[in-house]
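See below for entry28.cif, which holds mmCIF, C-alpha atoms.
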data_model
#
loop_
_atom_site.group_PDB
_atom_site.id
_atom_site.type_symbol
_atom_site.label_atom_id
_atom_site.label_comp_id
_atom_site.auth_asym_id
_atom_site.auth_seq_id
_atom_site.Cartn_x
_atom_site.Cartn_y
_atom_site.Cartn_z
ATOM 1 C CA SER A 181 62.592 130.710 128.329
ATOM 2 C CA VAL A 182 61.928 128.578 125.262
ATOM 3 C CA ALA A 183 64.615 126.129 126.327
ATOM 4 C CA GLY A 184 63.077 125.831 129.772
ATOM 5 C CA GLU A 185 59.615 125.262 128.339
ATOM 6 C CA THR A 186 61.007 122.609 125.996
ATOM 7 C CA PHE A 187 62.705 120.780 128.867
ATOM 8 C CA THR A 188 59.556 120.964 130.999
ATOM 9 C CA GLY A 189 57.491 119.600 128.130
ATOM 10 C CA MET A 190 59.961 116.754 127.626
ATOM 11 C CA LEU A 191 59.922 115.942 131.337
ATOM 12 C CA ASP A 192 56.124 115.913 131.406
ATOM 13 C CA ALA A 193 56.033 113.578 128.400
ATOM 14 C CA CYS A 194 58.533 111.210 129.996
ATOM 15 C CA ASN A 195 56.599 111.066 133.254
ATOM 16 C CA GLN A 196 53.282 110.492 131.521
ATOM 17 C CA GLY A 197 54.612 107.391 129.795
ATOM 18 C CA GLU A 198 54.496 109.008 126.353
ATOM 19 C CA LEU A 199 56.415 107.837 123.309
ATOM 20 C CA VAL A 200 59.196 110.231 122.283
ATOM 21 C CA ALA A 201 61.287 110.394 119.132
ATOM 22 C CA GLU A 202 64.619 108.592 119.148
ATOM 23 C CA GLN A 203 67.933 109.423 117.516
ATOM 24 C CA ALA A 204 70.642 107.158 116.153
ATOM 25 C CA VAL A 205 73.938 107.191 118.069
ATOM 26 C CA PRO A 206 77.052 105.085 117.429
ATOM 27 C CA GLY A 207 76.104 101.458 117.947
ATOM 28 C CA ALA A 208 72.615 102.152 119.299
ATOM 29 C CA TYR A 209 69.628 104.481 119.492
ATOM 30 C CA GLU A 210 68.553 106.802 122.265
ATOM 31 C CA GLN A 211 65.845 109.250 123.191
ATOM 32 C CA SER A 212 65.632 112.105 125.646
ATOM 33 C CA CYS A 213 63.668 110.219 128.321
ATOM 34 C CA MET A 214 66.525 107.744 128.666
ATOM 35 C CA GLN A 215 68.671 110.502 130.154
ATOM 36 C CA LEU A 216 66.464 110.590 133.251
ATOM 37 C CA ASN A 217 67.391 108.538 136.307
ATOM 38 C CA GLN A 218 63.728 107.737 136.848
ATOM 39 C CA ARG A 219 60.710 107.264 134.597
ATOM 40 C CA THR A 220 57.058 107.289 135.643
ATOM 41 C CA VAL A 221 54.539 105.277 133.614
ATOM 42 C CA PRO A 222 50.822 105.561 134.501
ATOM 43 C CA ILE A 223 48.695 102.456 133.883
ATOM 44 C CA ARG A 224 44.994 101.662 134.292
ATOM 45 C CA ILE A 225 44.095 98.205 135.548
ATOM 46 C CA VAL A 226 40.643 96.614 135.406
ATOM 47 C CA LYS A 227 39.708 95.358 138.871
ATOM 48 C CA PRO A 228 36.854 92.905 139.449
ATOM 49 C CA SER A 229 33.853 94.157 141.385
ATOM 50 C CA GLN A 230 33.665 93.271 145.072
ATOM 51 C CA ASP A 231 29.896 92.825 144.727
ATOM 52 C CA SER A 232 28.401 89.778 143.107
ATOM 53 C CA GLY A 233 27.202 90.729 139.650
ATOM 54 C CA GLY A 234 28.718 94.198 139.868
ATOM 55 C CA LYS A 235 30.670 95.844 137.084
ATOM 56 C CA PRO A 236 34.473 95.814 137.176
ATOM 57 C CA GLY A 237 36.185 99.092 137.965
ATOM 58 C CA LEU A 238 39.340 100.849 136.835
ATOM 59 C CA GLU A 239 42.301 101.389 139.111
ATOM 60 C CA SER A 240 45.045 103.843 138.179
ATOM 61 C CA LYS A 241 48.642 103.246 139.190
ATOM 62 C CA GLU A 242 51.950 104.985 138.581
ATOM 63 C CA LEU A 243 54.859 102.642 137.989
ATOM 64 C CA ILE A 244 58.192 104.151 139.051
ATOM 65 C CA LEU A 245 61.158 102.813 137.097
ATOM 66 C CA GLN A 246 64.817 103.585 137.689
ATOM 67 C CA GLN A 247 67.040 103.855 134.595
ATOM 68 C CA GLN A 248 70.809 103.534 134.420
ATOM 69 C CA GLY A 249 72.233 104.651 131.130
ATOM 70 C CA ILE A 250 72.020 104.951 127.385
ATOM 71 C CA GLY A 251 74.187 104.092 124.409
ATOM 72 C CA ALA A 252 75.899 100.945 123.191
ATOM 73 C CA GLY A 253 76.002 98.201 125.819
ATOM 74 C CA ASN A 254 73.257 99.801 127.924
ATOM 75 C CA THR A 255 70.212 99.068 125.784
ATOM 76 C CA GLY A 256 68.401 97.157 128.529
ATOM 77 C CA LEU A 257 68.806 99.767 131.233
ATOM 78 C CA SER A 258 66.137 102.209 130.019
ATOM 79 C CA VAL A 259 62.471 102.193 129.015
ATOM 80 C CA TRP A 260 61.992 101.918 125.242
ATOM 81 C CA ASN A 261 58.989 102.987 123.185
ATOM 82 C CA SER A 262 58.305 99.356 122.256
ATOM 83 C CA SER A 263 57.937 98.421 125.924
ATOM 84 C CA LEU A 264 55.449 101.245 126.425
ATOM 85 C CA LEU A 265 53.416 99.957 123.472
ATOM 86 C CA LEU A 266 53.475 96.403 124.829
ATOM 87 C CA VAL A 267 52.110 97.672 128.153
ATOM 88 C CA ARG A 268 49.398 99.677 126.405
ATOM 89 C CA LEU A 269 48.438 96.624 124.356
ATOM 90 C CA LEU A 270 48.214 94.554 127.542
ATOM 91 C CA GLN A 271 45.902 97.178 129.041
ATOM 92 C CA ALA A 272 43.704 97.207 125.922
ATOM 93 C CA LEU A 273 43.450 93.408 125.966
ATOM 94 C CA GLN A 274 42.716 93.339 129.691
ATOM 95 C CA ALA A 275 39.909 95.850 129.218
ATOM 96 C CA GLN A 276 38.293 93.366 126.804
ATOM 97 C CA ASN A 277 38.769 90.311 129.045
ATOM 98 C CA PRO A 278 40.048 90.915 132.601
ATOM 99 C CA ALA A 279 39.668 87.235 133.499
ATOM 100 C CA TYR A 280 42.342 86.098 131.030
ATOM 101 C CA PHE A 281 45.109 87.951 132.848
ATOM 102 C CA SER A 282 43.918 87.202 136.381
ATOM 103 C CA ASN A 283 43.814 83.497 135.461
ATOM 104 C CA LEU A 284 47.395 83.440 134.220
ATOM 105 C CA ARG A 285 49.441 81.196 136.485
ATOM 106 C CA SER A 286 52.878 81.881 135.011
ATOM 107 C CA VAL A 287 54.315 84.602 132.758
ATOM 108 C CA VAL A 288 57.889 84.895 131.468
ATOM 109 C CA GLU A 289 59.221 88.105 129.939
ATOM 110 C CA LEU A 290 62.273 87.778 127.705
ATOM 111 C CA GLY A 291 64.549 90.821 127.473
ATOM 112 C CA CYS A 292 62.767 92.555 130.344
ATOM 113 C CA GLY A 293 64.764 95.787 130.576
ATOM 114 C CA PRO A 294 63.743 97.775 133.691
ATOM 115 C CA GLY A 295 60.772 95.422 134.175
ATOM 116 C CA LEU A 296 57.866 97.620 133.030
ATOM 117 C CA ALA A 297 55.753 94.978 131.260
ATOM 118 C CA SER A 298 56.341 92.374 133.966
ATOM 119 C CA LEU A 299 55.180 94.829 136.620
ATOM 120 C CA CYS A 300 52.076 95.640 134.606
ATOM 121 C CA LEU A 301 51.100 91.969 134.297
ATOM 122 C CA SER A 302 51.687 91.367 137.984
ATOM 123 C CA TYR A 303 49.303 94.187 138.884
ATOM 124 C CA MET A 304 46.808 92.735 136.403
ATOM 125 C CA GLY A 305 46.650 89.632 138.545
ATOM 126 C CA ALA A 306 49.040 87.090 137.019
ATOM 127 C CA SER A 307 49.968 84.676 139.817
ATOM 128 C CA LYS A 308 53.662 84.399 138.972
ATOM 129 C CA VAL A 309 55.720 86.677 136.721
ATOM 130 C CA MET A 310 59.387 86.086 135.940
ATOM 131 C CA ALA A 311 61.267 88.884 134.207
ATOM 132 C CA THR A 312 64.437 87.689 132.481
ATOM 133 C CA ASP A 313 67.412 89.190 130.696
ATOM 134 C CA GLY A 314 70.854 88.010 129.671
ATOM 135 C CA ASN A 315 72.540 91.067 131.203
ATOM 136 C CA PRO A 316 73.029 90.746 134.988
ATOM 137 C CA ASN A 317 72.987 94.539 135.365
ATOM 138 C CA VAL A 318 69.538 94.640 133.753
ATOM 139 C CA VAL A 319 68.299 91.869 136.037
ATOM 140 C CA ARG A 320 69.481 93.771 139.118
ATOM 141 C CA LEU A 321 67.777 96.933 137.862
ATOM 142 C CA ALA A 322 64.474 95.129 137.265
ATOM 143 C CA ARG A 323 64.660 93.496 140.693
ATOM 144 C CA ASP A 324 65.254 96.886 142.334
ATOM 145 C CA ASN A 325 62.303 98.356 140.435
ATOM 146 C CA PHE A 326 60.015 95.577 141.644
ATOM 147 C CA LEU A 327 61.008 96.247 145.255
ATOM 148 C CA GLN A 328 60.597 100.025 145.155
ATOM 149 C CA GLN A 329 56.940 100.244 144.072
ATOM 150 C CA GLN A 330 54.833 102.091 146.647
ATOM 151 C CA ILE A 331 52.208 99.340 146.566
ATOM 152 C CA PRO A 332 53.828 95.917 146.070
ATOM 153 C CA PRO A 333 52.440 93.810 143.200
ATOM 154 C CA PRO A 334 49.874 91.304 144.493
ATOM 155 C CA GLY A 335 51.451 88.201 142.937
ATOM 156 C CA GLU A 336 54.913 86.682 142.902
ATOM 157 C CA ILE A 337 57.319 88.639 140.689
ATOM 158 C CA THR A 338 61.009 87.870 140.250
ATOM 159 C CA ALA A 339 63.898 88.873 137.984
ATOM 160 C CA ASN A 340 66.300 86.157 136.828
ATOM 161 C CA GLU A 341 69.254 86.011 134.478
ATOM 162 C CA LEU A 342 68.441 84.004 131.351
ATOM 163 C CA SER A 343 70.408 83.885 128.125
ATOM 164 C CA TRP A 344 68.520 82.761 125.033
ATOM 165 C CA GLY A 345 68.844 79.291 123.571
ATOM 166 C CA VAL A 346 67.739 75.777 124.536
ATOM 167 C CA MET A 347 70.598 75.038 126.913
ATOM 168 C CA ASP A 348 69.894 78.005 129.177
ATOM 169 C CA ALA A 349 66.110 77.959 128.894
ATOM 170 C CA ILE A 350 65.745 74.232 129.639
ATOM 171 C CA GLU A 351 65.703 75.034 133.374
ATOM 172 C CA TYR A 352 62.304 76.682 132.809
ATOM 173 C CA SER A 353 61.002 74.156 130.264
ATOM 174 C CA GLU A 354 57.229 74.455 129.646
ATOM 175 C CA THR A 355 56.608 76.724 132.638
ATOM 176 C CA ALA A 356 54.923 79.738 130.995
ATOM 177 C CA ASP A 357 51.274 80.230 130.089
ATOM 178 C CA LEU A 358 52.317 83.478 128.427
ATOM 179 C CA VAL A 359 55.690 84.655 127.138
ATOM 180 C CA ILE A 360 56.019 88.366 126.408
ATOM 181 C CA GLY A 361 58.700 90.498 124.792
ATOM 182 C CA SER A 362 59.281 93.686 122.847
ATOM 183 C CA ASP A 363 61.934 94.901 120.403
ATOM 184 C CA LEU A 364 63.981 91.680 120.548
ATOM 185 C CA THR A 365 64.387 90.837 116.851
ATOM 186 C CA TYR A 366 66.543 93.691 115.538
ATOM 187 C CA ASN A 367 69.610 91.411 115.388
ATOM 188 C CA ALA A 368 69.151 88.560 112.912
ATOM 189 C CA GLY A 369 72.015 86.698 114.560
ATOM 190 C CA SER A 370 69.901 86.135 117.674
ATOM 191 C CA TRP A 371 66.681 84.978 115.977
ATOM 192 C CA ARG A 372 67.286 81.250 116.434
ATOM 193 C CA LEU A 373 68.350 81.557 120.070
ATOM 194 C CA LEU A 374 65.342 83.761 120.837
ATOM 195 C CA ALA A 375 62.935 81.341 119.138
ATOM 196 C CA GLU A 376 64.518 78.422 121.010
ATOM 197 C CA ALA A 377 64.016 80.218 124.317
ATOM 198 C CA MET A 378 60.379 80.994 123.511
ATOM 199 C CA GLU A 379 59.592 77.445 122.407
ATOM 200 C CA THR A 380 61.362 75.926 125.411
ATOM 201 C CA VAL A 381 59.739 77.930 128.226
ATOM 202 C CA LEU A 382 56.254 77.952 126.676
ATOM 203 C CA LYS A 383 53.686 75.455 127.939
ATOM 204 C CA ARG A 384 52.068 73.151 125.393
ATOM 205 C CA ASN A 385 48.963 75.376 125.210
ATOM 206 C CA GLY A 386 50.704 78.679 125.977
ATOM 207 C CA SER A 387 51.068 81.800 123.831
ATOM 208 C CA VAL A 388 53.821 84.270 122.969
ATOM 209 C CA LEU A 389 52.821 87.940 122.734
ATOM 210 C CA TYR A 390 55.483 89.946 120.933
ATOM 211 C CA VAL A 391 55.626 93.622 119.914
ATOM 212 C CA THR A 392 58.310 95.113 117.712
ATOM 213 C CA LEU A 393 58.771 98.758 116.801
ATOM 214 C CA GLY A 394 61.048 99.794 113.977
ATOM 215 C CA HIS A 395 64.122 101.979 114.193
ATOM 216 C CA ALA A 396 65.459 104.360 111.569
ATOM 217 C CA GLY A 397 67.255 102.284 108.945
ATOM 218 C CA PHE A 398 65.481 99.028 109.905
ATOM 219 C CA ASN A 399 62.654 97.401 107.974
ATOM 220 C CA VAL A 400 60.363 96.206 110.746
ATOM 221 C CA ASN A 401 58.298 93.991 108.448
ATOM 222 C CA ALA A 402 61.311 92.214 106.960
ATOM 223 C CA GLU A 403 62.833 91.861 110.434
ATOM 224 C CA LEU A 404 59.706 90.265 111.859
ATOM 225 C CA GLN A 405 59.059 88.001 108.870
ATOM 226 C CA GLY A 406 62.632 86.737 109.087
ATOM 227 C CA PHE A 407 62.194 85.889 112.747
ATOM 228 C CA LEU A 408 58.808 84.226 112.159
ATOM 229 C CA ALA A 409 60.361 81.981 109.515
ATOM 230 C CA VAL A 410 62.977 80.834 112.031
ATOM 231 C CA ALA A 411 60.328 80.338 114.723
ATOM 232 C CA GLU A 412 58.299 78.166 112.348
ATOM 233 C CA GLU A 413 61.319 75.953 111.718
ATOM 234 C CA LEU A 414 61.502 75.410 115.484
ATOM 235 C CA GLY A 415 57.870 74.378 115.892
ATOM 236 C CA MET A 416 55.931 77.611 116.398
ATOM 237 C CA ALA A 417 53.407 79.402 114.211
ATOM 238 C CA GLN A 418 51.604 82.717 114.188
ATOM 239 C CA VAL A 419 47.910 82.722 115.122
ATOM 240 C CA ASN A 420 45.400 85.447 114.342
ATOM 241 C CA PRO A 421 42.042 86.698 115.636
ATOM 242 C CA GLY A 422 39.340 84.212 114.699
ATOM 243 C CA ASP A 423 41.665 81.194 114.779
ATOM 244 C CA PRO A 424 40.491 78.341 117.062
ATOM 245 C CA THR A 425 43.404 78.774 119.459
ATOM 246 C CA TRP A 426 43.382 82.590 119.582
ATOM 247 C CA PRO A 427 43.919 83.325 123.308
ATOM 248 C CA PHE A 428 42.383 86.784 123.522
ATOM 249 C CA PRO A 429 38.778 87.952 123.083
ATOM 250 C CA ASN A 430 37.632 88.819 119.586
ATOM 251 C CA ASP A 431 35.955 92.145 118.896
ATOM 252 C CA GLN A 432 32.273 91.203 118.767
ATOM 253 C CA SER A 433 31.371 94.478 117.041
ATOM 254 C CA SER A 434 33.244 93.504 113.887
ATOM 255 C CA ASP A 435 32.868 90.621 111.434
ATOM 256 C CA THR A 436 36.627 90.798 110.869
ATOM 257 C CA PRO A 437 38.370 91.178 114.256
ATOM 258 C CA PRO A 438 41.273 93.631 114.081
ATOM 259 C CA SER A 439 44.820 92.368 114.342
ATOM 260 C CA LEU A 440 46.800 93.308 117.407
ATOM 261 C CA THR A 441 48.803 95.694 115.244
ATOM 262 C CA ASN A 442 45.602 97.495 114.267
ATOM 263 C CA LEU A 443 44.475 97.486 117.897
ATOM 264 C CA ILE A 444 47.668 99.333 118.828
ATOM 265 C CA LEU A 445 47.202 101.860 116.033
ATOM 266 C CA ARG A 446 43.529 102.359 116.892
ATOM 267 C CA GLU A 447 43.590 102.471 120.690
ATOM 268 C CA CYS A 448 47.153 102.762 121.982
ATOM 269 C CA LEU A 449 48.574 105.864 120.287
ATOM 270 C CA SER A 450 47.824 109.553 120.658
ATOM 271 C CA PRO A 451 47.755 111.799 117.573
ATOM 272 C CA ARG A 452 51.111 113.227 118.686
ATOM 273 C CA GLU A 453 52.660 109.780 118.939
ATOM 274 C CA LEU A 454 51.488 108.355 115.623
ATOM 275 C CA PRO A 455 54.095 110.262 113.542
ATOM 276 C CA ILE A 456 56.820 108.982 115.900
ATOM 277 C CA VAL A 457 55.804 105.395 115.188
ATOM 278 C CA GLN A 458 55.468 106.049 111.469
ATOM 279 C CA ALA A 459 58.947 107.601 111.368
ATOM 280 C CA THR A 460 60.471 104.375 112.710
ATOM 281 C CA GLY A 461 58.851 102.235 110.013
ATOM 282 C CA GLY A 462 55.814 101.200 112.033
ATOM 283 C CA VAL A 463 54.868 98.709 114.716
ATOM 284 C CA ARG A 464 53.897 95.032 114.563
ATOM 285 C CA ALA A 465 52.349 92.779 117.191
ATOM 286 C CA VAL A 466 52.004 89.011 116.829
ATOM 287 C CA VAL A 467 50.931 85.945 118.799
ATOM 288 C CA LEU A 468 52.785 82.637 118.455
ATOM 289 C CA GLN A 469 51.848 79.169 119.664
ATOM 290 C CA LYS A 470 53.313 75.694 119.371
ATOM 291 C CA LYS A 471 52.327 74.050 116.107
ATOM 292 C CA ARG A 472 51.517 70.745 117.741
ATOM 293 C CA TYR A 473 49.008 72.479 120.021
ATOM 294 C CA ILE A 474 47.395 74.293 117.087
ATOM 295 C CA ALA A 475 47.126 71.015 115.173
ATOM 296 C CA SER A 476 45.587 69.173 118.130
ATOM 297 C CA MET A 477 42.902 71.827 118.579
ATOM 298 C CA ARG A 478 41.975 71.795 114.884
ATOM 299 C CA MET A 479 41.394 68.042 115.070
ATOM 300 C CA LYS A 480 38.725 68.437 117.775
#
What does the file become when written as structure tokens?
Amino acid sequence: SVAGETFTGMLDACNQGELVAEQAVPGAYEQSCMQLNQRTVPIRIVKPSQDSGGKPGLESKELILQQQGIGAGNTGLSVWNSSLLLVRLLQALQAQNPAYFSNLRSVVELGCGPGLASLCLSYMGASKVMATDGNPNVVRLARDNFLQQQIPPPGEITANELSWGVMDAIEYSETADLVIGSDLTYNAGSWRLLAEAMETVLKRNGSVLYVTLGHAGFNVNAELQGFLAVAEELGMAQVNPGDPTWPFPNDQSSDTPPSLTNLILRECLSPRELPIVQATGGVRAVVLQKKRYIASMRMK
């Protein structure tokens, strides 16, 4: 039947890690894949060659993630499109420079949800990954997802409860080489606490990689610019490809390296998914660093 074919197509999309359209519901948003108890997300990891001088190879993995609900109050218990885009961006960046991720000693994810991006970075070779969320139910879900992978991640990966703000984040002060997050800035009331958490856990020379995807009725550009203004007040600034402290490889084939946003649009979306992103108001990806670190590097 048509209904059966539609359901099968939806299930296939969900278990191939595809972006799907979302709908507004009272107090939240949802999409059909969130109704599943389990989501499968395939990833491709660059693995160094075992032979001296050999070329690196690609290793495919399927990440299995349990989900536990949708609707208001359950936003962290399912995989969101923004998290999928963050993971795809990480894969695109790793393909350009596998050594950057394998040399990471410590990564902190803020607002980790089921733990998808943290798992991805652990398989990429980061020595220590800490997924965090302010909701204890989300932390338990992420921890369970880390334990249930068929092949355990090679590095240390944990899930800890962490509310945003200086007072809570001070326990992890300057511990992270890389802080990651996705879709965290939709509530202007949390911007300062989020920026405080980022600035507190970030090492002096560390970087924040953040991806935000719009929702119907939200202006993603205004949302992000508002958050960046708050982050700048607290001692962080956005850096771009070509800047002296840019942490990722620049595209050597172009005189003007593409922004991370353009990298997502160019390499991380299928033709079927592009209209879904456009319907939400678009996607943005930024890198932040501490202003005092940026200033010190410009003086050299």
Hey, what comes out of the PyMOL selection byres ((chain A and resi 243) around 8) on this file? Could you write it as a PDB file with C-alpha atoms, in the coordinates of the input?
ATOM      1  CA  THR A 220      57.058 107.289 135.643  1.00  0.00           C
ATOM      2  CA  VAL A 221      54.539 105.277 133.614  1.00  0.00           C
ATOM      3  CA  PRO A 222      50.822 105.561 134.501  1.00  0.00           C
ATOM      4  CA  ILE A 223      48.695 102.456 133.883  1.00  0.00           C
ATOM      5  CA  LYS A 241      48.642 103.246 139.190  1.00  0.00           C
ATOM      6  CA  GLU A 242      51.950 104.985 138.581  1.00  0.00           C
ATOM      7  CA  ILE A 244      58.192 104.151 139.051  1.00  0.00           C
ATOM      8  CA  LEU A 245      61.158 102.813 137.097  1.00  0.00           C
ATOM      9  CA  LEU A 296      57.866  97.620 133.030  1.00  0.00           C
ATOM     10  CA  LEU A 299      55.180  94.829 136.620  1.00  0.00           C
ATOM     11  CA  GLN A 329      56.940 100.244 144.072  1.00  0.00           C
TER      12      GLN A 329
END
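As for atom CA of Thr425 of chain A and atom CA of Asn283 of chain A, they are spaced 16.7 Å apart.
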>> Expand the PyMOL selection byres ((chain A and resi 352) around 10) into the explicit residue set it covers here, and present it as a list in words.
In response: Val288, Leu342, Val346, Asp348, Ala349, Ile350, Glu351, Ser353, Glu354, Thr355, Ala356, Ala377, Thr380, Val381, Leu382 and Lys383 of chain A
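The residues returned by the PyMOL selection byres ((chain A and resi 326) around 9) on the shown structure are Leu245, Gly295, Leu299, Leu321, Ala322, Arg323, Asp324, Asn325, Leu327, Gln328, Gln329, Pro332, Pro333, Ile337, Thr338 and Ala339 of chain A.
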Write to file, as a compact mmCIF listing (two decimals), keeping the file's coordinate frame, the residues of the selection just made, with C-alpha atoms.
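Generated file (selection31.txt):
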# COMPACT_ATOMS: atom_id res chain seq x y z
CA LEU A 245 61.16 102.81 137.10
CA GLY A 295 60.77 95.42 134.18
CA LEU A 299 55.18 94.83 136.62
CA LEU A 321 67.78 96.93 137.86
CA ALA A 322 64.47 95.13 137.26
CA ARG A 323 64.66 93.50 140.69
CA ASP A 324 65.25 96.89 142.33
CA ASN A 325 62.30 98.36 140.44
CA LEU A 327 61.01 96.25 145.26
CA GLN A 328 60.60 100.02 145.16
CA GLN A 329 56.94 100.24 144.07
CA PRO A 332 53.83 95.92 146.07
CA PRO A 333 52.44 93.81 143.20
CA ILE A 337 57.32 88.64 140.69
CA THR A 338 61.01 87.87 140.25
CA ALA A 339 63.90 88.87 137.98
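Nearest to Ile444 of chain A of all the residues A:Arg224, A:Ser262, A:Ile474, A:Ala409 is A:Ser262, counting all atoms listed in the file.
Comparing the minimum interatomic distances between Glu413 of chain A and each of A:Arg372, A:Val457, A:Leu445, A:Ser307, counting only C-alpha atoms, we find that A:Arg372 sits nearest.
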